[in-house]
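Asker: Structure in structure tokens, see below.
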Protein chains: 2
Amino acid sequence: MLPGCAVVPSQTMGISDPLPSWNEGEAKARVLSFVSQVTDQSGDAFVPVEARIAVFDHDGTLMIEQPDVVQFEFIYERIRYLAEDHPEWTSTQPYQAILADDKKYLSGLNYGQKGGVIVVAQTGITHEEFTAAVQLFLNTAKDLRFSRRYTQLVYQPMIELIRLLHSESFQVYVVSGGGIDFIRAFSEEIYAIPKDHVVGSSWRTSLEEQDNRWVVMRKPGFNSLNVGKNKPLNIHLHVGRRPILAVGNSDGDIQMLQYTSDQQHSLVLLLQHDDARREYEYLNDSVRSRETGIREGWQVISMEQDFSVIFAEE
Amino acid sequence: MLPGCAVVPSQTMGISDPLPSWNEGEAKARVLSFVSQVTDQSGDAFVPVEARIAVFDHDGTLMIEQPDVVQFEFIYERIRYLAEDHPEWTSTQPYQAILADDKKYLSGLNYGQKGGVIVVAQTGITHEEFTAAVQLFLNTAKDLRFSRRYTQLVYQPMIELIRLLHSESFQVYVVSGGGIDFIRAFSEEIYAIPKDHVVGSSWRTSLEEQDNRWVVMRKPGFNSLNVGKNKPLNIHLHVGRRPILAVGNSDGDIQMLQYTSDQQHSLVLLLQHDDARREYEYLNDSVRSRETGIREGWQVISMEQDFSVIFAEE
């Protein structure tokens, strides 16, 4: 090669690296090779545009989920806002702990124990009121460790992967155990993923008349809790096709990842939180998905080794 | 104007008419004016691309629904196919009437009386098996009056409207009381509407292992019956935005149409079946929606007067 010449470009990606925040290694190579193969019209693994479906889990896959899932920070903030009308909360758990910002007490609760709080904070209001509350929270609240807004604590390498997939005519969906309307409040701005490409847990709703106009009211009680087996079932309901690329990080993603790897010409990526220095280390939470992934040939991604950058603009 | 010159083009549509199967008149003018206004960046009614959401009812709005909704013809065909394993059906109603093709008896049944048949014909099989059965039916069955396949009995003026909306960066959804998976089996081919842009009634589903692979099994029992108030609620769940254009033809569409007309810069179209000669006349089935439409300023479309062509390639 002549001095000063550009590095020989990969076959389909052009000269510039579409994944600059990924270190060279097996994970990056396998992602690039997969995208190249399924979009190569002359190859055996070609997938037509309409079947290029990619699904991403949200918390811990696209956005930070430690010390707590961001939606819980929102829920606690809403409880503090609503507390004015509920003097009894100062002496009732877990409200008391939320109002006192007792993180230790809260971190000891499981989902069942947080149940009432989740309902009270997020239902009994219209969709418009809920979305406004989410956006107010995201525009003001900050993560303590990183002193950044939560929407700035999304993983830059994943943003680059979404961008690459969009440029190769993939339809990219977020498929989250988190609330569908919570994520829709920022998915377009942060991920360039339109609202109808977000699948998540949902409340029951009712159509009610308010000021001579139909509004969607959020009701107590789950319509669907989008974890485990419900992830593939909701992909079926919302998307209507089996994905060829899936990205997850936890045991709640296993069925979605298997549902994807059951498809020919598919790639499954399992993100491992092993970087206590730049993010968090909590590998103990994903033992089962890691074992499944190794058995089924999924690509494990080490945040420590495979990501040169964790968050944008570091 | 000089002899031989083209007619002066409308402001935004270019020289060729995007709706050639629509007669000139109020309906066509209002559709063209609406599309022109919401896409005119310098105008007061401009709507950004991400909010250009259009929803179409299916049966009777895009596809013929007389003498029976096409999905019922499929259901009857499936019952005849399954009858081999059910000798008792020859003496049990309504199976007996279906096997004998007793249209008079069947037309006298309401949805509740058809309930068991709807379940038996469409559940207890995987999604893949169901889709294959739908496609086999559509490739072989013909409407008796028109001697055409059902997928050729879609309204050409509506196909042109969908095409126009697509060309103006609208997201176009089918929102049907019919089965979501039934319509998805042909929506891409017939309407150029991708599967994830179809919203419809859905069965409960379960994720089951078959040949070492996850499959989606259709279970007895509705997940959602997509009529009336459930249409806006399912638009909210699947789309996440309020539409600015809605097209319907029956009383089951009223709330969806109102939910749309509650939005600024919106247009609601109500198709009226008043053409016994070229299609069917059954205005009595849509009295309430017509009254609502007249009161709320919706645009009524007369098939007889506003459509120069009903079906493609006539």
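Chain lettering (A, B, ...) mirrors the order of the structure tokens, residue numbering begins at 1 for each chain separately, and ligand numbering begins at 1 in order of display.
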Please identify which residues in segment 46-236 of chain B DSSP calls strand (DSSP E) from the backbone, and express them as JSON, numbers by chain.

Answerer: {"B": [53, 54, 55, 56, 171, 172, 173, 174, 175, 176, 177, 178, 179, 198, 199, 200, 201, 202, 203, 204, 205, 206, 207, 208, 209, 210, 213, 214, 215, 216, 217, 218, 219, 220, 221, 222, 223, 224]}

Asker: Can those selected residues be exported to a file as a compact mmCIF listing (two decimals), in the first residue's frame so that it contains C-alpha atoms?

Answerer:
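Dumped everything to part-v8.txt:
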```
# COMPACT_ATOMS: atom_id res chain seq x y z
CA ILE B 53 -50.20 9.55 10.87
CA ALA B 54 -53.08 8.17 8.78
CA VAL B 55 -55.37 5.32 9.82
CA PHE B 56 -57.70 3.29 7.61
CA GLN B 171 -47.14 6.66 8.09
CA VAL B 172 -50.24 4.74 7.02
CA TYR B 173 -51.84 2.14 9.31
CA VAL B 174 -54.69 -0.30 8.86
CA VAL B 175 -56.81 -0.30 12.02
CA SER B 176 -59.35 -3.09 11.73
CA GLY B 177 -61.89 -5.04 13.71
CA GLY B 178 -60.59 -7.97 11.67
CA GLY B 179 -57.74 -10.15 12.82
CA VAL B 198 -51.43 -3.27 10.89
CA VAL B 199 -53.51 -2.98 14.07
CA GLY B 200 -56.41 -5.38 14.56
CA SER B 201 -58.23 -7.78 16.80
CA SER B 202 -55.90 -10.31 18.36
CA TRP B 203 -56.09 -13.64 20.15
CA ARG B 204 -54.26 -14.48 23.28
CA THR B 205 -50.96 -16.15 22.43
CA SER B 206 -48.44 -18.36 24.16
CA LEU B 207 -44.80 -19.05 23.43
CA GLU B 208 -44.28 -22.78 23.03
CA GLU B 209 -41.38 -25.01 22.10
CA GLN B 210 -41.79 -26.99 18.88
CA ARG B 213 -37.66 -23.73 18.51
CA TRP B 214 -39.98 -21.09 20.02
CA VAL B 215 -43.26 -20.67 18.16
CA VAL B 216 -46.21 -18.36 18.78
CA MET B 217 -49.35 -20.39 19.46
CA ARG B 218 -52.81 -18.87 18.91
CA LYS B 219 -55.00 -19.52 21.95
CA PRO B 220 -58.78 -19.40 22.35
CA GLY B 221 -59.88 -16.11 23.90
CA PHE B 222 -59.51 -12.55 22.68
CA ASN B 223 -56.52 -10.46 23.66
CA SER B 224 -58.27 -7.42 22.15
```

Asker: Determine which residues of chain A sit within 6 Å of chain B, taking into account only C-alpha atoms, and present them as a list of chain:residue names.

Answerer: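 Written out as asked, the residues are A:Lys195, A:Asp196, A:Arg213, A:Trp214, A:His238, A:Val239, A:Gly240, A:Tyr259, A:Asp262.
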
Asker: To one decimal place in Å, what is the distance between atom CA of Gln272 of chain B and atom CA of Ile162 of chain B?

Answerer: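 Taking atom CA of Gln272 of chain B as the start and atom CA of Ile162 of chain B as the end point, the length is 18.2 Å.
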
Asker: So how far away is atom CA of Gln264 of chain B from atom CA of Asp44 of chain B, in Å?

Answerer: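 Here the two named atoms are 11.0 Å from each other.
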
Asker: I want to know what sits within 9 Å of Phe130 of chain B, based on only C-alpha atoms, with residues of the same chain fewer than 5 positions away left out; could you give that as a list in words?

Answerer: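 Residues meeting the cut-off are Gln122, Thr123, Ile125, Gln135, Asp181, Phe182 and Arg218 of chain B.
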
Asker: Can you tell me, as a list in words, which residues in segment 232-300 of chain B count as alpha helix (DSSP H) by DSSP?

Answerer: Pro232, Leu233, Asn234, Ile235, His236, Leu237, His238, Ile254, Gln255, Met256, Leu257, Gln258, Tyr259, Thr260, Ser261, Val287, Arg288, Ser289, Arg290, Glu291, Thr292, Gly293, Ile294, Arg295 and Glu296 of chain B

Asker: Atom CA of Leu269 of chain B and atom CA of Leu32 of chain B, how far apart in Å?

Answerer: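 A separation of 12.5 Å between them.
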
Asker: My list of candidates is A:Pro48, A:Gly115, A:Gly43, A:Gly228. Which is closest to Phe72 of chain A when distances are computed with only C-alpha atoms?

Answerer: A:Gly115

Asker: For Gln113 of chain A, which residue among A:Thr126, A:Ser147, A:Gln93, A:Asn226 is the nearest when counting only C-alpha atoms?

Answerer: A:Gln93
